[in-house]
Structure formats: structure tokens, C-alpha cells
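Undergrad: Sharing target_11.cif here; it has mmCIF, C-alpha atoms.
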data_model
#
loop_
_atom_site.label_atom_id
_atom_site.label_comp_id
_atom_site.auth_asym_id
_atom_site.auth_seq_id
_atom_site.Cartn_x
_atom_site.Cartn_y
_atom_site.Cartn_z
CA MET A 94 14.80 4.97 -0.81
CA ARG A 95 12.30 2.21 -1.50
CA ILE A 96 12.75 -1.48 -0.67
CA ASP A 97 12.26 -2.40 -4.32
CA GLN A 98 15.25 -0.21 -5.28
CA ILE A 99 17.48 -2.06 -2.82
CA ARG A 100 16.23 -5.36 -4.23
CA GLN A 101 16.80 -4.18 -7.81
CA ILE A 102 20.39 -3.13 -7.13
CA ALA A 103 21.08 -6.44 -5.40
CA GLU A 104 19.63 -8.28 -8.39
CA VAL A 105 21.86 -6.35 -10.84
CA TYR A 106 24.88 -7.22 -8.72
CA GLU A 107 23.93 -10.93 -8.63
CA ALA A 108 23.16 -11.05 -12.37
CA GLY A 109 26.23 -9.05 -13.37
CA SER A 110 24.16 -7.26 -16.00
CA ILE A 111 21.38 -4.68 -16.02
CA ASN A 112 19.81 -6.38 -19.03
CA LYS A 113 19.71 -9.81 -17.33
CA ALA A 114 18.40 -8.31 -14.11
CA ALA A 115 15.69 -6.39 -15.97
CA GLN A 116 14.45 -9.57 -17.64
CA LYS A 117 14.37 -11.42 -14.33
CA LEU A 118 12.56 -8.52 -12.64
CA PHE A 119 10.06 -8.23 -15.53
CA ILE A 120 10.79 -4.54 -16.14
CA SER A 121 12.46 -2.70 -19.00
CA GLN A 122 16.19 -2.03 -18.96
CA SER A 123 15.56 1.72 -19.15
CA SER A 124 13.19 1.63 -16.15
CA LEU A 125 15.70 -0.34 -14.09
CA SER A 126 18.55 2.01 -15.01
CA ALA A 127 16.41 5.04 -14.10
CA SER A 128 15.50 3.50 -10.73
CA ILE A 129 19.17 2.85 -9.90
CA ARG A 130 20.17 6.38 -10.95
CA ALA A 131 17.43 7.82 -8.70
CA ALA A 132 18.74 5.80 -5.74
CA GLU A 133 22.32 6.95 -6.37
CA GLU A 134 21.22 10.59 -6.66
CA GLU A 135 19.24 10.32 -3.42
CA LEU A 136 22.28 8.89 -1.61
CA GLY A 137 24.78 11.15 -3.31
CA GLN A 138 26.97 8.13 -4.02
CA LYS A 139 27.67 5.88 -6.99
CA ILE A 140 26.81 2.23 -6.28
CA LEU A 141 27.46 0.48 -9.58
CA GLY A 142 30.27 0.94 -12.04
CA ARG A 143 31.49 -0.82 -15.15
CA SER A 144 34.64 -2.83 -15.71
CA HIS A 145 35.91 -5.16 -18.43
CA LYS A 146 34.01 -7.93 -16.61
CA GLY A 147 30.71 -6.02 -16.74
CA ILE A 148 28.88 -4.50 -13.76
CA ASP A 149 31.11 -3.85 -10.75
CA LEU A 150 30.61 -2.31 -7.30
CA THR A 151 32.16 0.94 -6.15
CA ASP A 152 33.69 1.02 -2.67
CA PHE A 153 30.42 2.49 -1.40
CA GLY A 154 28.52 -0.09 -3.45
CA LYS A 155 30.21 -2.93 -1.56
CA THR A 156 28.99 -1.47 1.73
CA PHE A 157 25.56 -0.87 0.19
CA ILE A 158 25.15 -4.50 -0.91
CA VAL A 159 26.12 -5.93 2.49
CA THR A 160 23.81 -3.57 4.37
CA GLY A 161 21.10 -3.83 1.73
CA LYS A 162 20.94 -7.60 2.01
CA GLU A 163 20.61 -7.30 5.78
CA ILE A 164 17.71 -4.87 5.30
CA LEU A 165 16.03 -7.19 2.79
CA ALA A 166 16.39 -10.16 5.15
CA LEU A 167 14.75 -8.19 7.97
CA TYR A 168 12.01 -6.93 5.67
CA ASP A 169 11.28 -10.44 4.35
CA ASN A 170 11.16 -11.74 7.92
CA ILE A 171 8.55 -9.13 8.83
CA LEU A 172 6.45 -10.10 5.80
CA SER A 173 6.77 -13.77 6.69
CA LYS A 174 5.46 -13.14 10.20
CA ALA A 175 2.67 -10.95 8.86
CA SER A 176 1.51 -13.71 6.49
CA SER A 177 1.07 -16.22 9.31
CA PRO A 178 -2.50 -17.25 10.23
CA GLU A 179 -2.33 -15.03 13.30
CA GLY A 180 -1.40 -12.05 11.13
CA GLY A 181 -4.63 -12.17 9.16
CA ARG A 182 -2.78 -10.95 6.07
CA LEU A 183 -3.84 -11.50 2.46
CA TYR A 184 -1.95 -9.71 -0.33
CA ILE A 185 -2.83 -10.66 -3.91
CA SER A 186 -1.73 -9.27 -7.27
CA SER A 187 -3.76 -10.16 -10.35
CA GLN A 188 -4.10 -9.32 -13.97
CA PHE A 189 -7.44 -7.83 -14.93
CA LEU A 190 -9.79 -10.73 -14.14
CA ARG A 191 -13.20 -9.58 -12.98
CA TYR A 192 -14.04 -12.87 -11.27
CA ALA A 193 -10.81 -12.70 -9.25
CA SER A 194 -11.79 -9.41 -7.62
CA SER A 195 -15.30 -10.80 -7.00
CA VAL A 196 -13.86 -13.85 -5.24
CA PHE A 197 -11.60 -11.62 -3.13
CA ALA A 198 -14.54 -9.40 -2.11
CA ALA A 199 -16.68 -12.41 -1.17
CA LEU A 200 -13.88 -13.90 0.93
CA LEU A 201 -13.39 -10.65 2.82
CA SER A 202 -17.10 -10.36 3.48
CA GLU A 203 -17.23 -13.84 4.99
CA CYS A 204 -14.02 -13.37 7.02
CA LYS A 205 -14.96 -9.96 8.37
CA GLY A 206 -13.03 -9.24 11.54
CA GLN A 207 -10.51 -12.04 10.90
CA ILE A 208 -8.41 -10.27 8.26
CA THR A 209 -6.57 -7.21 9.50
CA ASN A 210 -4.15 -6.58 6.64
CA LEU A 211 -5.33 -7.04 3.07
CA ARG A 212 -4.76 -5.87 -0.47
CA PHE A 213 -5.93 -6.85 -3.94
CA THR A 214 -3.96 -5.14 -6.71
CA GLU A 215 -4.71 -5.27 -10.44
CA LYS A 216 -1.56 -5.03 -12.54
CA THR A 217 -0.07 -6.09 -15.85
CA ARG A 218 1.50 -9.53 -16.14
CA GLY A 219 4.97 -8.15 -15.48
CA GLY A 220 3.69 -6.12 -12.55
CA VAL A 221 2.23 -9.23 -10.92
CA CYS A 222 5.56 -11.04 -11.26
CA GLN A 223 7.44 -8.08 -9.80
CA ASP A 224 5.14 -8.03 -6.75
CA LEU A 225 5.83 -11.70 -6.09
CA MET A 226 9.57 -11.41 -6.53
CA SER A 227 9.72 -8.41 -4.19
CA LYS A 228 7.45 -10.31 -1.75
CA THR A 229 4.93 -7.50 -1.89
CA SER A 230 2.22 -10.09 -2.63
CA GLU A 231 1.85 -13.71 -1.56
CA ILE A 232 0.19 -15.02 -4.71
CA GLY A 233 -0.49 -13.73 -8.21
CA LEU A 234 -2.83 -14.50 -11.09
CA ILE A 235 -1.75 -14.11 -14.72
CA VAL A 236 -3.15 -14.91 -18.16
CA THR A 237 -0.84 -15.86 -21.04
CA PRO A 238 -1.37 -17.10 -24.60
CA THR A 239 -1.20 -20.90 -24.56
CA LYS A 240 1.26 -20.87 -27.47
CA TYR A 241 3.82 -19.29 -25.12
CA HIS A 242 3.29 -21.86 -22.37
CA ASP A 243 6.80 -23.34 -22.54
CA ARG A 244 8.43 -19.92 -22.72
CA CYS A 245 6.34 -18.79 -19.75
CA LEU A 246 7.45 -21.77 -17.66
CA GLU A 247 11.07 -21.04 -18.54
CA MET A 248 10.76 -17.39 -17.50
CA MET A 249 9.06 -18.29 -14.23
CA GLU A 250 11.75 -20.87 -13.43
CA ASP A 251 14.50 -18.32 -14.10
CA SER A 252 12.73 -15.83 -11.83
CA GLY A 253 12.27 -18.21 -8.91
CA LEU A 254 8.50 -18.44 -9.30
CA GLU A 255 6.20 -21.46 -9.27
CA TYR A 256 3.62 -21.66 -12.07
CA HIS A 257 0.33 -23.51 -11.49
CA LEU A 258 -2.14 -23.79 -14.36
CA VAL A 259 -5.74 -23.15 -13.29
CA ASN A 260 -7.62 -23.24 -16.58
CA LYS A 261 -7.36 -23.00 -20.34
CA ASP A 262 -9.94 -20.77 -22.07
CA GLU A 263 -10.66 -20.00 -25.70
CA CYS A 264 -10.05 -16.42 -26.68
CA ARG A 265 -13.18 -14.32 -27.07
CA CYS A 266 -13.97 -11.02 -28.74
CA MET A 267 -15.66 -8.39 -26.56
CA VAL A 268 -17.38 -5.22 -27.73
CA GLY A 269 -19.58 -2.58 -26.14
CA ARG A 270 -22.62 -0.67 -27.34
CA GLY A 271 -20.34 1.76 -29.17
CA SER A 272 -19.48 -0.93 -31.72
CA PRO A 273 -21.60 -1.85 -34.76
CA LEU A 274 -20.76 -5.47 -33.94
CA PHE A 275 -22.82 -5.24 -30.75
CA THR A 276 -26.07 -5.72 -32.67
CA LEU A 277 -25.03 -8.77 -34.71
CA GLU A 278 -27.57 -11.60 -34.60
CA SER A 279 -25.01 -14.38 -34.32
CA ASN A 280 -22.78 -15.00 -31.29
CA LEU A 281 -20.04 -16.16 -33.65
CA ILE A 282 -17.65 -13.78 -35.37
CA GLN A 283 -15.14 -14.02 -38.24
CA LEU A 284 -11.66 -12.53 -38.04
CA ASP A 285 -12.16 -10.33 -41.10
CA GLN A 286 -15.09 -8.61 -39.38
CA LEU A 287 -12.60 -7.02 -36.95
CA LEU A 288 -10.47 -5.27 -39.58
CA PRO A 289 -12.34 -1.91 -39.62
CA PHE A 290 -12.11 -1.48 -35.84
CA PRO A 291 -9.34 -0.62 -33.35
CA ALA A 292 -8.06 -3.25 -30.91
CA VAL A 293 -8.18 -2.38 -27.21
CA ARG A 294 -5.34 -3.77 -25.14
CA TYR A 295 -3.83 -3.31 -21.72
CA GLU A 296 -0.49 -1.55 -21.74
CA SER A 297 2.68 -3.53 -21.17
CA ASP A 298 4.97 -2.45 -18.35
CA GLY A 299 7.88 -2.56 -20.76
CA GLY A 300 9.46 -5.90 -19.88
CA ALA A 301 11.44 -7.33 -22.79
CA TRP A 302 9.61 -10.65 -22.55
CA GLU A 303 6.17 -9.07 -22.86
CA LYS A 304 7.20 -6.50 -25.45
CA ASN A 305 8.86 -9.00 -27.75
CA GLU A 306 6.52 -11.95 -27.38
CA LEU A 307 3.34 -11.78 -25.34
CA GLN A 308 2.16 -8.43 -26.70
CA LYS A 309 2.26 -9.62 -30.31
CA ASP A 310 -1.22 -11.13 -30.13
CA TYR A 311 -3.03 -8.28 -31.83
CA GLU A 312 -0.39 -7.69 -34.50
CA ASP A 313 0.07 -11.36 -35.38
CA GLU A 314 -3.38 -12.84 -34.86
CA PHE A 315 -6.14 -10.24 -35.07
CA PRO A 316 -6.73 -7.66 -37.83
CA HIS A 317 -7.42 -4.13 -36.66
CA SER A 318 -7.40 -0.49 -37.75
CA GLY A 319 -5.18 0.61 -34.85
CA THR A 320 -4.85 0.15 -31.10
CA LEU A 321 -6.37 1.80 -28.05
CA VAL A 322 -4.15 1.29 -24.99
CA ILE A 323 -5.69 1.19 -21.51
CA SER A 324 -4.18 0.70 -18.07
CA ASP A 325 -6.99 -0.46 -15.77
CA SER A 326 -10.25 -2.39 -15.70
CA GLY A 327 -12.32 0.78 -15.29
CA SER A 328 -10.94 2.11 -18.58
CA PHE A 329 -11.71 -1.25 -20.18
CA GLN A 330 -15.45 -0.92 -19.61
CA ASN A 331 -15.59 2.78 -20.50
CA ILE A 332 -13.58 2.43 -23.71
CA LEU A 333 -15.68 -0.47 -24.99
CA ALA A 334 -18.89 1.36 -24.06
CA ARG A 335 -17.92 4.60 -25.82
CA THR A 336 -15.90 3.51 -28.87
CA ASN A 337 -16.11 0.99 -31.70
CA GLY A 338 -13.04 -0.86 -30.41
CA TYR A 339 -12.84 -4.56 -29.61
CA PHE A 340 -10.98 -6.49 -26.93
CA ILE A 341 -9.50 -9.99 -27.17
CA GLY A 342 -9.46 -11.87 -23.89
CA ILE A 343 -11.16 -14.64 -21.94
CA CYS A 344 -14.67 -14.90 -20.56
CA ASN A 345 -15.03 -18.12 -18.59
CA THR A 346 -18.75 -18.95 -18.78
CA HIS A 347 -18.82 -20.90 -15.54
CA ALA A 348 -17.05 -18.11 -13.63
CA TYR A 349 -19.28 -15.32 -14.83
CA ASP A 350 -22.47 -17.31 -14.34
CA ILE A 351 -21.50 -17.16 -10.66
CA THR A 352 -19.81 -13.78 -10.26
CA GLY A 353 -21.32 -11.68 -13.06
CA PHE A 354 -19.59 -9.96 -15.98
CA TYR A 355 -19.37 -6.34 -17.12
CA ASP A 356 -22.67 -4.65 -18.00
CA ASN A 357 -23.37 -3.68 -21.61
CA ILE A 358 -20.49 -5.71 -23.06
CA ARG A 359 -21.20 -8.48 -25.54
CA VAL A 360 -18.96 -11.52 -25.90
CA PHE A 361 -18.43 -13.37 -29.20
CA SER A 362 -16.78 -16.69 -29.97
CA PHE A 363 -14.61 -17.02 -33.06
CA VAL A 364 -15.36 -19.25 -36.02
CA ASN A 365 -12.57 -21.83 -36.37
CA LYS A 366 -10.08 -19.85 -34.27
CA PRO A 367 -7.54 -22.23 -32.65
CA PHE A 368 -6.25 -19.83 -30.04
CA SER A 369 -6.43 -20.02 -26.24
CA TYR A 370 -5.16 -18.47 -23.03
CA ASP A 371 -3.81 -20.09 -19.87
CA THR A 372 -4.84 -18.71 -16.49
CA ALA A 373 -2.35 -19.57 -13.76
CA TRP A 374 -1.49 -18.68 -10.19
CA LEU A 375 2.06 -17.94 -9.12
CA CYS A 376 4.04 -17.85 -5.92
CA LEU A 377 7.68 -17.84 -4.89
CA LYS A 378 9.34 -21.22 -5.38
CA GLY A 379 9.01 -23.39 -2.28
CA GLN A 380 6.74 -20.91 -0.51
CA SER A 381 4.25 -22.20 2.07
CA LEU A 382 0.90 -20.53 1.45
CA SER A 383 -1.13 -19.06 4.27
CA PRO A 384 -4.58 -20.57 4.99
CA LEU A 385 -6.24 -17.43 3.60
CA ALA A 386 -4.28 -17.63 0.35
CA LYS A 387 -5.20 -21.31 -0.05
CA GLU A 388 -8.87 -20.51 0.54
CA PHE A 389 -8.76 -17.74 -2.07
CA LEU A 390 -7.22 -20.11 -4.61
CA ARG A 391 -9.72 -22.89 -3.83
CA ARG A 392 -12.48 -20.43 -4.65
CA ILE A 393 -10.76 -19.40 -7.87
CA TYR A 394 -10.69 -23.04 -8.98
CA ALA A 395 -14.34 -23.43 -7.98
CA VAL A 396 -15.61 -20.47 -10.00
CA VAL A 397 -13.88 -21.68 -13.19
CA GLY A 398 -15.28 -25.18 -12.61
CA LYS A 399 -12.04 -27.00 -11.79
CA ALA A 400 -10.87 -29.12 -8.87
CA PRO A 401 -8.05 -27.48 -6.87
CA GLU A 402 -4.50 -28.81 -6.91
CA GLU A 403 -3.37 -31.23 -4.21
CA ILE A 404 -1.33 -28.45 -2.60
CA LEU A 405 -4.59 -26.65 -1.73
CA ARG A 406 -6.47 -29.61 -0.28
#
Would you encode the structure as C-alpha cells?
TA:
Amino acid sequence: MRIDQIRQIAEVYEAGSINKAAQKLFISQSSLSASIRAAEEELGQKILGRSHKGIDLTDFGKTFIVTGKEILALYDNILSKASSPEGGRLYISSQFLRYASSVFAALLSECKGQITNLRFTEKTRGGVCQDLMSKTSEIGLIVTPTKYHDRCLEMMEDSGLEYHLVNKDECRCMVGRGSPLFTLESNLIQLDQLLPFPAVRYESDGGAWEKNELQKDYEDEFPHSGTLVISDSGSFQNILARTNGYFIGICNTHAYDITGFYDNIRVFSFVNKPFSYDTAWLCLKGQSLSPLAKEFLRRIYAVVGKAPEEILR
């Protein structure tokens, strides 16, 4: 059984509802139910049952929760010790931001020999939040439409996460050499020019919040002939290079002047398009960041041309 399954079952018990727990964990209700079923099948025991009050614990489930919380406390204590300066640990989860991985690589190169335990993981927005809530990663980077800023803050608060805005960027349209738009003379583009082409987007991990709100960007804002769904940054470059699809995202000029952007991808600004994205870093509420995490974040602020928050100084 995995640690995340123990944490999921504990969260369902605390929330009293699989639906509420799924929203807080940033996964779909069906995925959470399947994970719990798999744990019960592995143990050969039912953990959760239903009563007129909602979710209830079986007799075995009561023992499971007590023991499970002890295991989680020990696990979290190990992670806490590993994230100390002496531990040389740096675990980061990020949405697909090319400059973030460049900053991480540069930091590792300069700290060679000082960092003994490291990981940089690219995930969807919900995946980043899950990593933080399970304490798999110390900090996370996400990008959300500015129009959902208040809703985003509300969700982070409910999930025990701190939200720190790094930068606000205008949305841009990106195409590769496979698109007829690649050869346009102007660097400005009109919305109606996108209609004949498919929209490329990263897949959602199924969380109700993303599915119902944050993944509506293409349907509500940008005309398209269909969608091409990708799951990683490598697919992003290949799909744009080989198809006539377009991608809506951010391309911070200051950041990519320093770190470099994808080859053979052209970036367009929109004509009179009042739409923007917020880039933010997240951590568990009240968490003390390690020196390495603070240094990584200071460099993130630097590449986008912003002064770091007081917490990082």
C-alpha cells in the first residue's frame, strides 16, 4: 500500500464524504474511489462503509485510521528531517514552465556536491497540489487564468496551501512550423484566425475544480476546430512542430531572454485580448522553507523580472 492511499483514506474520514475529499485532494471522485477500493482489496478488509450520516468506518477501519495516522506522522517527520539544510533535499513540483526547469538545472549545477536528494517533477495543476498536500514536494509552481484568481485562493485555503503570486502574464498563442500561421508577417494575431485549427492543451487530472472551471479556457475564449490533448512538455514541442495546432499559454519575455524558449515555435500576441494568467508558487500553510527552496524561488522571481517576497529575503 502506498502512503498516498493512507492519506486519502484519512482525508475521506475527516471530510465525511468522498466528494469533499476528492475536491480537497484535487483528484476526481472516481479516481479516489478506485484508489480506496484497491487498498481494501490489497488488505482483504473493508475500511469505509456508509451510514445515514454518510461515510463511516468499519471495525477494521477504526484500527486502520489510528495506525494510519501514526504512520503518516512518522513519514512526515522523516520528510521534515530530510528537508533540513543538512539533508541537502530539494523536491519541486511544477506545471509545464520551461524556465522553471532551466532554473532548477542551473541551481543544481552551481550546488554540485551539496544536494544529495533532489527531484523536479512536471505535472498538471492538480498534480502539483496533490504533491504538496501529500508532502511529496516542498514547493510547487502553478499557472491559472487571472479571472479565477479569487476561486483559486479559496481552493488553496480549503486545501491548507499558501498561494504566493509571482507574476501576471498576458496569454500568448504559440504555433510550430506545421502551422500556416507560422509564416505570418505580423507578430499580432486575431481570434478568428484560430478557428480553422485545433487547440493543443495539457490534459486535466480529472479534479472537479479543473474540469468545471479552469479547463474551460479553450471552449469559452478561443475558437478552434477541435482539441489535441497532451500530457508532457516533450509532447508539446513535437505536436506543435508536426501539426497545425495552436497552444494558448504564457511566454514571459524576460524569462526566456535569459533561459531560452523552445526551438522552432513562434509566439504571437493577441489584438485587443484582455486575458491573462497568474503564475504562483505554493507550499503548505505555515511551512518553513529550506534554504535551497528559498534560493530556487528567488531565482524564479529574478528570471521573470520581479523582486522576491519578503519571506524569501
Undergrad: Residues picked by the PyMOL selection byres ((chain A and resi 390) around 10) here, as a list in words?
TA: Ala193, Val196, Phe197, Ile232, Gly233, Leu234, Val259, Trp374, Pro384, Leu385, Ala386, Lys387, Glu388, Phe389, Arg391, Arg392, Ile393, Tyr394, Ala395, Val396, Pro401, Glu402 and Leu405 of chain A
Undergrad: Selected residues, C-alpha atoms, written as a PDB file, in the frame of the given file, please.
TA:
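Okay, part.pdb is ready:
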ATOM      1  CA  ALA A 193     -10.810 -12.700  -9.250  1.00  0.00           C
ATOM      2  CA  VAL A 196     -13.860 -13.850  -5.240  1.00  0.00           C
ATOM      3  CA  PHE A 197     -11.600 -11.620  -3.130  1.00  0.00           C
ATOM      4  CA  ILE A 232       0.190 -15.020  -4.710  1.00  0.00           C
ATOM      5  CA  GLY A 233      -0.490 -13.730  -8.210  1.00  0.00           C
ATOM      6  CA  LEU A 234      -2.830 -14.500 -11.090  1.00  0.00           C
ATOM      7  CA  VAL A 259      -5.740 -23.150 -13.290  1.00  0.00           C
ATOM      8  CA  TRP A 374      -1.490 -18.680 -10.190  1.00  0.00           C
ATOM      9  CA  PRO A 384      -4.580 -20.570   4.990  1.00  0.00           C
ATOM     10  CA  LEU A 385      -6.240 -17.430   3.600  1.00  0.00           C
ATOM     11  CA  ALA A 386      -4.280 -17.630   0.350  1.00  0.00           C
ATOM     12  CA  LYS A 387      -5.200 -21.310  -0.050  1.00  0.00           C
ATOM     13  CA  GLU A 388      -8.870 -20.510   0.540  1.00  0.00           C
ATOM     14  CA  PHE A 389      -8.760 -17.740  -2.070  1.00  0.00           C
ATOM     15  CA  ARG A 391      -9.720 -22.890  -3.830  1.00  0.00           C
ATOM     16  CA  ARG A 392     -12.480 -20.430  -4.650  1.00  0.00           C
ATOM     17  CA  ILE A 393     -10.760 -19.400  -7.870  1.00  0.00           C
ATOM     18  CA  TYR A 394     -10.690 -23.040  -8.980  1.00  0.00           C
ATOM     19  CA  ALA A 395     -14.340 -23.430  -7.980  1.00  0.00           C
ATOM     20  CA  VAL A 396     -15.610 -20.470 -10.000  1.00  0.00           C
ATOM     21  CA  PRO A 401      -8.050 -27.480  -6.870  1.00  0.00           C
ATOM     22  CA  GLU A 402      -4.500 -28.810  -6.910  1.00  0.00           C
ATOM     23  CA  LEU A 405      -4.590 -26.650  -1.730  1.00  0.00           C
TER      24      LEU A 405
END
Undergrad: So which residues get picked by the PyMOL selection byres ((chain A and resi 288) around 9) here, written as a list of chain:residue names?
TA: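 When the PyMOL selection byres ((chain A and resi 288) around 9) is applied to the shown file, the picked residues are A:Leu284, A:Asp285, A:Gln286, A:Leu287, A:Pro289, A:Phe290, A:Pro291, A:Phe315, A:Pro316, A:His317, A:Ser318.
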Undergrad: Step by step, work through what the PyMOL selection byres ((chain A and resi 359) around 7) selects in the shown file, and finish by giving those residues as an MDAnalysis selection string.
TA: chainID A and resid 267:269 275 357:358 360:361
Undergrad: May I have the selected residues written with C-alpha atoms, as a PDB file, keeping the file's coordinate frame?
TA:
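Final output, saved to selection10.pdb:
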ATOM      1  CA  MET A 267     -15.660  -8.390 -26.560  1.00  0.00           C
ATOM      2  CA  VAL A 268     -17.380  -5.220 -27.730  1.00  0.00           C
ATOM      3  CA  GLY A 269     -19.580  -2.580 -26.140  1.00  0.00           C
ATOM      4  CA  PHE A 275     -22.820  -5.240 -30.750  1.00  0.00           C
ATOM      5  CA  ASN A 357     -23.370  -3.680 -21.610  1.00  0.00           C
ATOM      6  CA  ILE A 358     -20.490  -5.710 -23.060  1.00  0.00           C
ATOM      7  CA  VAL A 360     -18.960 -11.520 -25.900  1.00  0.00           C
ATOM      8  CA  PHE A 361     -18.430 -13.370 -29.200  1.00  0.00           C
TER       9      PHE A 361
END
Undergrad: Separation of atom CA of A:Leu382 and atom CA of A:Tyr256, in Å?
TA: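 One can read the atom CA of A:Leu382 to atom CA of A:Tyr256 distance as 13.8 Å.
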Undergrad: Take atom CA of A:Ser194 and atom CA of A:Gly327 and report the distance between them in Å, one decimal.
TA: 12.8 Å
Undergrad: In Å, how far is it from atom CA of A:Ile185 to atom CA of A:Leu258?
TA: 16.8 Å
Undergrad: Please provide the set of residues having any atom within 7 Å of A:Ser230, restricted to only C-alpha atoms, with same-chain residues fewer than 5 positions apart removed, written as number ranges by chain.
TA: A: 184-186, 224-225
Undergrad: Edge lengths and centre in Å to one decimal, as lines of an AutoDock Vina configuration file, of the axis-aligned box that encloses all listed atoms of stretch 126-145 of chain A with 4 Å added on every side?
TA:
center_x = 25.7
center_y = 3.0
center_z = -10.0
size_x = 28.4
size_y = 24.3
size_z = 24.8
Undergrad: Which residues are close to A:Arg218, i.e. within 8 Å by all atoms listed in the file, leaving aside same-chain residues fewer than 3 positions away? Reply as a list in words.
TA: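 Selected residues are Ser187, Gln188, Val221, Cys222, Ile235, Val236 and Ser297 of chain A.
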Undergrad: Output C-alpha atoms of each residue in that selection to a file, as a compact mmCIF listing (two decimals), in the coordinates of the input.
TA:
# COMPACT_ATOMS: atom_id res chain seq x y z
CA SER A 187 -3.76 -10.16 -10.35
CA GLN A 188 -4.10 -9.32 -13.97
CA VAL A 221 2.23 -9.23 -10.92
CA CYS A 222 5.56 -11.04 -11.26
CA ILE A 235 -1.75 -14.11 -14.72
CA VAL A 236 -3.15 -14.91 -18.16
CA SER A 297 2.68 -3.53 -21.17
Undergrad: Please determine, counting all atoms listed in the file, which residue among A:Ser123, A:Asp371, A:Ser362, A:Ser110 has the shortest atom-to-atom distance to A:Ser144.
TA: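 Using all atoms listed in the file, A:Ser144 sits closest to A:Ser110.
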Undergrad: Which polymer residues have any atom within 10 Å of an atom of A:Asp251, counting all atoms listed in the file, with same-chain residues fewer than 5 positions away left out, as an MDAnalysis selection string?
TA: chainID A and resid 116:117 245:246
Undergrad: When you look at A:Gly147 with a cut-off of 12 Å (counting all atoms listed in the file), what residues show up, excluding the ones that are within fewer than 2 positions of it in the same chain? I need them as a list in words.
TA: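 Those residues are Val105, Tyr106, Glu107, Ala108, Gly109, Ser110, Ile111, Asn112, Lys113, Leu141, Gly142, Arg143, Ser144, His145, Asp149 and Leu150 of chain A.
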Undergrad: Tell me which of A:Leu281, A:Tyr241, A:Arg182, A:Tyr192 sits closest to A:Asn210, counting all atoms listed in the file.
TA: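 The answer is A:Arg182, which sits nearest to A:Asn210.
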Undergrad: Within 8 Å of stretch 335-347 of chain A, counting only C-alpha atoms, which residues qualify if same-chain residues fewer than 2 places away don't, as a PyMOL selection string?
TA: chain A and resi 262-273+287+290-294+321+331-333+349-351+360+370+396-398
Undergrad: A:Phe213, A:Tyr168, A:Tyr295, A:Tyr355: which is nearest A:Ile96, counting all atoms listed in the file?
TA: A:Tyr168
